[in-house]
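Below: upload-v5.cif (mmCIF, C-alpha atoms)
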data_work
loop_
_atom_site.label_atom_id
_atom_site.label_comp_id
_atom_site.auth_asym_id
_atom_site.auth_seq_id
_atom_site.Cartn_x
_atom_site.Cartn_y
_atom_site.Cartn_z
CA MET A 1 138.66 119.97 114.05
CA LYS A 2 136.04 118.57 116.42
CA SER A 3 136.14 121.65 118.64
CA SER A 4 135.63 123.96 115.65
CA MET A 5 132.65 121.89 114.50
CA LYS A 6 131.14 121.98 117.98
CA SER A 7 131.59 125.73 118.19
CA ARG A 8 129.64 126.19 114.99
CA ALA A 9 126.83 123.81 116.00
CA TYR A 10 123.60 125.36 117.22
CA PRO A 11 122.49 124.42 120.76
CA LEU A 12 119.67 121.91 120.87
CA TYR A 13 117.39 124.32 122.70
CA PHE A 14 117.30 126.54 119.58
CA ALA A 15 114.74 124.09 118.19
CA GLY A 16 112.61 124.37 121.32
CA GLY A 17 110.31 127.06 119.93
CA ALA A 18 109.55 125.18 116.71
CA LEU A 19 109.12 121.93 118.66
CA ALA A 20 106.70 123.60 121.09
CA LEU A 21 104.62 124.98 118.20
CA TYR A 22 104.62 121.57 116.53
CA LEU A 23 103.43 119.87 119.71
CA LEU A 24 100.82 122.55 120.38
CA PHE A 25 99.29 122.83 116.90
CA TYR A 26 99.81 119.32 115.52
CA VAL A 27 100.49 116.60 118.08
CA LEU A 28 98.04 117.82 120.76
CA PRO A 29 95.08 118.28 118.33
CA SER A 30 95.82 114.85 116.83
CA VAL A 31 95.74 113.17 120.23
CA MET A 32 92.56 115.05 121.19
CA GLY A 33 90.96 114.10 117.88
CA PHE A 34 91.79 110.45 118.46
CA TYR A 35 90.10 110.65 121.87
CA TYR A 36 86.99 112.41 120.52
CA ALA A 37 86.58 109.62 117.96
CA PHE A 38 85.41 107.44 120.85
CA THR A 39 82.86 109.96 122.19
CA ASP A 40 79.41 111.27 121.28
CA TRP A 41 80.67 114.85 120.90
CA ASN A 42 78.05 116.94 119.09
CA SER A 43 76.58 120.44 118.88
CA TYR A 44 73.30 119.45 120.52
CA SER A 45 74.69 118.82 123.99
CA SER A 46 77.39 120.32 126.17
CA GLU A 47 78.25 116.87 127.54
CA VAL A 48 80.86 114.65 125.94
CA ASN A 49 80.47 110.98 126.83
CA PHE A 50 82.82 108.11 126.08
CA ILE A 51 80.98 105.54 123.92
CA GLY A 52 83.79 103.22 122.89
CA LEU A 53 83.64 101.83 119.36
CA GLU A 54 80.07 102.91 118.63
CA ASN A 55 81.14 105.52 116.05
CA PHE A 56 83.32 102.97 114.26
CA LYS A 57 80.44 100.49 114.34
CA LEU A 58 78.17 103.13 112.80
CA ILE A 59 80.63 103.73 109.97
CA PHE A 60 81.10 100.06 109.13
CA THR A 61 77.44 99.11 109.51
CA SER A 62 75.71 99.00 106.12
CA GLY A 63 72.64 101.21 105.83
CA ALA A 64 73.12 102.97 109.15
CA GLY A 65 72.00 106.54 108.53
CA GLN A 66 74.41 107.09 105.68
CA ASN A 67 76.42 104.58 103.70
CA TYR A 68 79.85 105.64 104.87
CA MET A 69 81.55 102.71 103.17
CA HIS A 70 80.23 104.06 99.86
CA PHE A 71 82.22 107.24 100.54
CA VAL A 72 85.31 105.15 101.32
CA ARG A 73 84.77 103.25 98.07
CA ASN A 74 84.55 106.49 96.08
CA THR A 75 87.73 107.73 97.73
CA VAL A 76 89.60 104.53 96.89
CA ILE A 77 88.38 104.59 93.26
CA PHE A 78 89.40 108.24 92.90
CA THR A 79 92.82 107.58 94.46
CA VAL A 80 93.68 104.48 92.41
CA ALA A 81 92.44 106.01 89.14
CA THR A 82 94.32 109.29 89.57
CA ILE A 83 97.52 107.50 90.62
CA LEU A 84 97.48 105.28 87.53
CA LEU A 85 96.50 108.06 85.11
CA LYS A 86 98.86 110.70 86.45
CA THR A 87 101.79 108.30 86.67
CA ALA A 88 101.34 106.82 83.19
CA ILE A 89 100.66 110.11 81.39
CA ALA A 90 103.27 112.10 83.32
CA LEU A 91 105.94 109.47 82.70
CA GLY A 92 105.10 109.41 78.99
CA LEU A 93 105.30 113.20 78.77
CA ALA A 94 108.54 113.25 80.78
CA VAL A 95 110.19 110.76 78.42
CA LEU A 96 108.86 112.64 75.40
CA LEU A 97 110.05 116.05 76.62
CA THR A 98 113.42 114.69 77.74
CA ASN A 99 114.42 112.42 74.86
CA GLY A 100 111.86 113.07 72.11
CA ILE A 101 111.05 116.72 71.61
CA ARG A 102 114.15 118.90 71.33
CA HIS A 103 112.68 122.03 69.78
CA LEU A 104 111.20 124.40 72.38
CA ALA A 105 111.36 121.63 74.99
CA TYR A 106 111.37 124.07 77.91
CA PHE A 107 108.39 125.94 76.50
CA HIS A 108 106.42 122.69 76.27
CA ARG A 109 107.39 121.83 79.85
CA VAL A 110 106.11 125.18 81.07
CA VAL A 111 102.83 124.75 79.20
CA MET A 112 102.34 121.26 80.68
CA TYR A 113 103.17 122.50 84.17
CA LEU A 114 100.92 125.57 84.12
CA PRO A 115 97.72 123.80 85.32
CA ALA A 116 99.54 122.74 88.49
CA VAL A 117 100.01 126.36 89.60
CA LEU A 118 96.38 127.33 89.03
CA PRO A 119 94.24 127.46 92.20
CA MET A 120 92.02 124.42 92.55
CA LEU A 121 88.98 126.67 93.00
CA VAL A 122 89.63 128.38 89.66
CA VAL A 123 90.19 125.07 87.85
CA SER A 124 87.02 123.60 89.33
CA LEU A 125 84.85 126.60 88.43
CA VAL A 126 86.20 126.69 84.86
CA PHE A 127 85.59 123.00 84.30
CA LYS A 128 82.18 123.22 85.94
CA SER A 129 81.30 125.62 83.16
CA ILE A 130 83.01 123.56 80.44
CA LEU A 131 81.24 120.36 81.49
CA ASN A 132 77.79 121.92 81.77
CA PRO A 133 75.54 119.50 79.83
CA ALA A 134 73.41 122.22 78.21
CA THR A 135 75.73 125.17 77.58
CA GLY A 136 79.19 123.74 78.30
CA LEU A 137 82.00 124.16 75.82
CA LEU A 138 82.71 120.42 75.59
CA ASN A 139 79.20 119.32 74.62
CA THR A 140 78.77 122.35 72.35
CA PHE A 141 81.94 121.39 70.48
CA LEU A 142 80.95 117.72 70.21
CA ARG A 143 77.55 118.62 68.80
CA SER A 144 79.04 121.12 66.34
CA VAL A 145 81.26 118.44 64.78
CA GLY A 146 78.48 115.86 64.57
CA LEU A 147 79.46 113.81 67.61
CA ASP A 148 76.21 114.25 69.47
CA PHE A 149 76.35 110.67 70.79
CA MET A 150 79.50 111.58 72.75
CA ALA A 151 77.85 114.50 74.54
CA GLN A 152 77.09 113.47 78.10
CA ARG A 153 75.61 114.91 81.28
CA TRP A 154 79.11 114.94 82.70
CA LEU A 155 78.66 116.23 86.23
CA VAL A 156 74.97 115.45 86.73
CA ASP A 157 74.86 111.82 85.63
CA VAL A 158 75.51 109.18 88.30
CA ASN A 159 77.63 107.13 85.89
CA TRP A 160 79.72 110.04 84.56
CA ALA A 161 80.15 112.34 87.57
CA LEU A 162 83.03 110.55 89.31
CA PRO A 163 84.97 109.83 86.06
CA SER A 164 84.56 113.52 85.16
CA VAL A 165 86.02 114.62 88.51
CA ILE A 166 88.88 112.13 88.06
CA GLY A 167 89.56 113.54 84.58
CA VAL A 168 89.68 117.14 85.77
CA ASP A 169 91.98 116.30 88.67
CA THR A 170 94.27 114.29 86.39
CA TRP A 171 94.52 117.21 83.96
CA ARG A 172 95.54 119.54 86.75
CA GLY A 173 98.03 117.21 88.45
CA ILE A 174 99.94 115.78 85.51
CA GLY A 175 102.34 118.72 85.19
CA TYR A 176 103.52 118.54 88.79
CA ILE A 177 104.26 114.82 88.59
CA MET A 178 105.87 115.28 85.18
CA VAL A 179 108.42 117.79 86.52
CA ILE A 180 109.48 115.36 89.26
CA MET A 181 109.88 112.59 86.70
CA ILE A 182 111.89 114.79 84.35
CA ALA A 183 114.33 115.42 87.19
CA GLY A 184 114.56 111.65 87.75
CA LEU A 185 115.14 110.93 84.06
CA GLN A 186 117.88 113.53 83.82
CA ALA A 187 119.69 111.92 86.76
CA ILE A 188 120.06 108.61 84.87
CA PRO A 189 123.59 108.38 83.36
CA LYS A 190 123.56 108.45 79.56
CA ASP A 191 126.27 105.78 79.50
CA TYR A 192 123.66 103.11 80.23
CA TYR A 193 121.67 104.00 77.15
CA GLU A 194 124.78 104.20 74.98
CA ALA A 195 125.88 100.74 76.12
CA ALA A 196 122.39 99.36 75.46
CA ALA A 197 122.38 100.89 71.97
CA ILE A 198 125.75 99.30 71.20
CA ASP A 199 124.34 95.93 72.27
CA GLY A 200 121.43 96.44 69.89
CA ALA A 201 118.69 97.01 72.46
CA SER A 202 115.53 98.61 71.17
CA ALA A 203 114.05 101.78 72.65
CA PHE A 204 111.37 99.77 74.43
CA ALA A 205 113.95 97.37 75.87
CA SER A 206 116.04 100.29 77.14
CA PHE A 207 112.95 101.81 78.73
CA ARG A 208 111.97 98.51 80.41
CA ARG A 209 115.46 97.47 81.50
CA ILE A 210 117.06 100.82 82.31
CA THR A 211 114.54 103.63 82.69
CA LEU A 212 111.88 101.90 84.80
CA PRO A 213 114.24 100.24 87.33
CA LEU A 214 116.25 103.42 87.86
CA MET A 215 113.07 105.49 88.11
CA MET A 216 111.60 103.36 90.91
CA PRO A 217 112.71 105.75 93.72
CA VAL A 218 111.05 108.64 91.87
CA LEU A 219 107.95 106.58 91.12
CA THR A 220 107.76 105.71 94.82
CA VAL A 221 107.78 109.38 95.76
CA THR A 222 105.14 110.35 93.19
CA THR A 223 102.95 107.38 94.10
CA VAL A 224 103.00 108.27 97.79
CA LEU A 225 102.29 111.94 97.01
CA ASN A 226 99.35 110.98 94.79
CA LEU A 227 98.14 108.47 97.37
CA LEU A 228 98.09 110.99 100.22
CA TYR A 229 96.46 113.61 98.02
CA GLY A 230 93.82 111.24 96.65
CA LEU A 231 92.76 109.92 100.04
CA LYS A 232 92.16 113.41 101.40
CA VAL A 233 90.66 114.98 98.27
CA PHE A 234 87.96 117.52 99.02
CA ASP A 235 88.03 120.86 97.23
CA ILE A 236 87.70 119.70 93.61
CA VAL A 237 84.80 117.38 94.51
CA PHE A 238 83.10 120.01 96.63
CA VAL A 239 83.21 122.69 93.93
CA LEU A 240 82.46 120.50 90.90
CA THR A 241 79.63 118.35 92.25
CA ASN A 242 79.25 119.01 95.99
CA GLY A 243 79.19 115.24 96.34
CA GLY A 244 76.32 114.74 93.92
CA PRO A 245 74.41 113.67 92.05
CA GLY A 246 72.81 111.57 94.75
CA ARG A 247 76.09 111.50 96.71
CA ALA A 248 77.67 109.58 93.81
CA THR A 249 80.93 111.54 94.13
CA ASP A 250 81.05 111.98 97.90
CA THR A 251 84.45 111.13 99.38
CA VAL A 252 85.52 110.64 102.97
CA TYR A 253 86.47 114.30 103.38
CA THR A 254 83.23 115.62 101.94
CA ALA A 255 81.44 113.25 104.35
CA ILE A 256 83.56 114.67 107.20
CA PHE A 257 82.61 118.19 106.15
CA ASP A 258 78.95 117.16 106.03
CA GLU A 259 79.09 115.59 109.49
CA PHE A 260 80.73 118.67 110.99
CA SER A 261 78.10 120.84 109.30
CA LYS A 262 75.39 118.78 110.99
CA GLY A 263 77.09 119.10 114.37
CA ARG A 264 78.01 115.40 114.57
CA TYR A 265 81.59 116.11 115.63
CA GLY A 266 82.27 112.67 117.12
CA VAL A 267 81.37 110.82 113.92
CA ALA A 268 83.33 113.33 111.82
CA THR A 269 86.40 112.89 114.02
CA THR A 270 86.04 109.11 113.76
CA LEU A 271 86.06 109.35 109.96
CA SER A 272 89.17 111.56 110.13
CA THR A 273 90.92 109.11 112.46
CA LEU A 274 90.01 106.16 110.26
CA LEU A 275 91.30 107.89 107.14
CA PHE A 276 94.52 108.86 108.96
CA LEU A 277 95.16 105.22 109.87
CA ILE A 278 94.42 104.11 106.29
CA MET A 279 96.89 106.68 104.93
CA ILE A 280 99.64 105.47 107.26
CA ILE A 281 99.08 101.79 106.49
CA LEU A 282 98.80 102.21 102.72
CA GLY A 283 101.73 104.62 102.59
CA TYR A 284 103.93 102.14 104.48
CA PHE A 285 103.04 99.18 102.26
CA VAL A 286 103.39 101.19 99.02
CA ILE A 287 106.86 102.41 100.00
CA ARG A 288 107.90 98.92 101.11
CA LEU A 289 106.58 97.22 97.96
CA MET A 290 108.14 99.69 95.54
CA HIS A 291 111.42 99.66 97.47
CA GLN A 292 111.56 95.86 97.09
CA GLU A 293 110.90 96.14 93.34
CA ALA A 294 113.67 98.74 93.04
CA GLU A 295 116.14 96.42 94.79
CA GLU A 296 115.22 93.51 92.48
#

Render the structure in this file as structure tokens.
Amino acid sequence: MKSSMKSRAYPLYFAGGALALYLLFYVLPSVMGFYYAFTDWNSYSSEVNFIGLENFKLIFTSGAGQNYMHFVRNTVIFTVATILLKTAIALGLAVLLTNGIRHLAYFHRVVMYLPAVLPMLVVSLVFKSILNPATGLLNTFLRSVGLDFMAQRWLVDVNWALPSVIGVDTWRGIGYIMVIMIAGLQAIPKDYYEAAAIDGASAFASFRRITLPLMMPVLTVTTVLNLLYGLKVFDIVFVLTNGGPGRATDTVYTAIFDEFSKGRYGVATTLSTLLFLIMIILGYFVIRLMHQEAEE
């Protein structure tokens, strides 16, 4: 039996080509990027000098050139808000479309999932038109039904720009998270719910005692996916607001793009390295925390 299994196994060197490409296009650029984070690499000089932690000091120093920590703050707010909104709404929809709505359930699932397959550029351009304060569909509708006080300068007001971007991104991402959660809900044995019903447990008690604990592995996956996406968000912010107004919606990646555009490659690489480390640390702690809650 062992000899037959060995004869069917592929030699290890078959993976050599893929491993070489991975090292060449991923590992090597990552190592080089980490090195350049400690240099003054820029487009104004052909020399690259090692400057130690100066770029990191620039980023963490308040009021130095640009307020980089403000961009980090925006990124964290965007990430936390989208994680909470997408998880709560997607879980509610998943429960509703799994146990609540029976008629045309698959049709409703498709409709909810459709925004996830639309290109981000298309979604951003459409909502940029919808949220236009003067001619946008949203404000026009609000004014037509007598709700003028609810009409806002959605993408051009400092107080409303970031919440508007968060809302658009949540609308687009709910369907994708919902599909993952539906798969998790369908994997829960029905016997648990039947036993709970026999014992007289309410629907809320069944959800809290059965659904949530058994959904923790799925919630861990969706949380990590949303976390990694939120920390590196760029395209929706760039198209909707281009970081404005007054850099109120700038995130770390739009700041990186801006630094590269100005030829400040060392600072941009430092921001990328810093964000990479934050993603690893947060991802590790989120997985560990949710894994502990699942075991309890």

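Using only C-alpha atoms for every distance, the candidate list A:Gln66, A:Thr87, A:Thr249, A:Thr270 yields A:Thr87 as the residue closest to A:Thr222.
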
Fill in: Residues matched by the PyMOL selection byres ((chain A and resi 184) around 10) as a PyMOL selection string
chain A and resi 94+178-183+185-188+211+214-219

How about saving the chosen residues, C-alpha atoms kept, as a PDB file, in the frame of the given file?
ATOM      1  CA  ALA A  94     108.540 113.250  80.780  1.00  0.00           C
ATOM      2  CA  MET A 178     105.870 115.280  85.180  1.00  0.00           C
ATOM      3  CA  VAL A 179     108.420 117.790  86.520  1.00  0.00           C
ATOM      4  CA  ILE A 180     109.480 115.360  89.260  1.00  0.00           C
ATOM      5  CA  MET A 181     109.880 112.590  86.700  1.00  0.00           C
ATOM      6  CA  ILE A 182     111.890 114.790  84.350  1.00  0.00           C
ATOM      7  CA  ALA A 183     114.330 115.420  87.190  1.00  0.00           C
ATOM      8  CA  LEU A 185     115.140 110.930  84.060  1.00  0.00           C
ATOM      9  CA  GLN A 186     117.880 113.530  83.820  1.00  0.00           C
ATOM     10  CA  ALA A 187     119.690 111.920  86.760  1.00  0.00           C
ATOM     11  CA  ILE A 188     120.060 108.610  84.870  1.00  0.00           C
ATOM     12  CA  THR A 211     114.540 103.630  82.690  1.00  0.00           C
ATOM     13  CA  LEU A 214     116.250 103.420  87.860  1.00  0.00           C
ATOM     14  CA  MET A 215     113.070 105.490  88.110  1.00  0.00           C
ATOM     15  CA  MET A 216     111.600 103.360  90.910  1.00  0.00           C
ATOM     16  CA  PRO A 217     112.710 105.750  93.720  1.00  0.00           C
ATOM     17  CA  VAL A 218     111.050 108.640  91.870  1.00  0.00           C
ATOM     18  CA  LEU A 219     107.950 106.580  91.120  1.00  0.00           C
TER      19      LEU A 219
END

Stretch 168-258 of chain A residues near stretch 68-82 of chain A within 6 Å, closest pair each, using all atoms listed in the file, as JSON lines:
{"residue": "A:Thr170", "atom": "CA", "partner": "A:Thr82", "partner_atom": "CA", "distance": 5.9}
{"residue": "A:Gly230", "atom": "CA", "partner": "A:Thr79", "partner_atom": "CA", "distance": 4.4}
{"residue": "A:Leu231", "atom": "CA", "partner": "A:Thr75", "partner_atom": "CA", "distance": 6.0}
{"residue": "A:Asp250", "atom": "CA", "partner": "A:Phe71", "partner_atom": "CA", "distance": 5.6}
{"residue": "A:Thr251", "atom": "CA", "partner": "A:Phe71", "partner_atom": "CA", "distance": 4.6}
{"residue": "A:Val252", "atom": "CA", "partner": "A:Phe71", "partner_atom": "CA", "distance": 5.3}

Fill in: Expected answer as a ChimeraX atom specification: all residues with atoms within 12 Å of (79.5, 117.1, 122.1), all atoms listed in the file
/A:36-51,260,262-269

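Pairwise distance (atom CA of A:Thr135, atom CA of A:Gly175) equals 28.4 Å.
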
Worksheet item: A:Ala90, A:Ile278, A:Ile83, A:Leu19: which is nearest A:Ile174, counting only C-alpha atoms?
Response: A:Ala90

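Atom CA of A:Gly17 is positioned 27.2 Å from atom CA of A:Ile280.
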
Discussion item. Counting all atoms listed in the file, I want the residues whose atoms come within 12 Å of (78.5, 118.5, 93.5) in the file frame, returned as a ChimeraX atom specification.
Written reply: /A:124-125,128,154-158,161-162,164-165,234-251,254

Centre and edge lengths of an axis-aligned box around all listed atoms of stretch 213-230 of chain A, with 8 Å added on each side, are to be given in Å to one decimal, as AutoDock Vina command-line options.
--center_x 105.0 --center_y 106.9 --center_z 93.8 --size_x 38.4 --size_y 29.4 --size_z 28.9

Worksheet item: Any idea what the distance is between atom CA of A:Leu84 and atom CA of A:Phe285?
Response: 16.9 Å

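Of the listed residues A:Phe141, A:Tyr192, A:Trp171, A:Phe149, the one whose atoms come nearest to A:Leu114 is A:Trp171, with distances taken using all atoms listed in the file.
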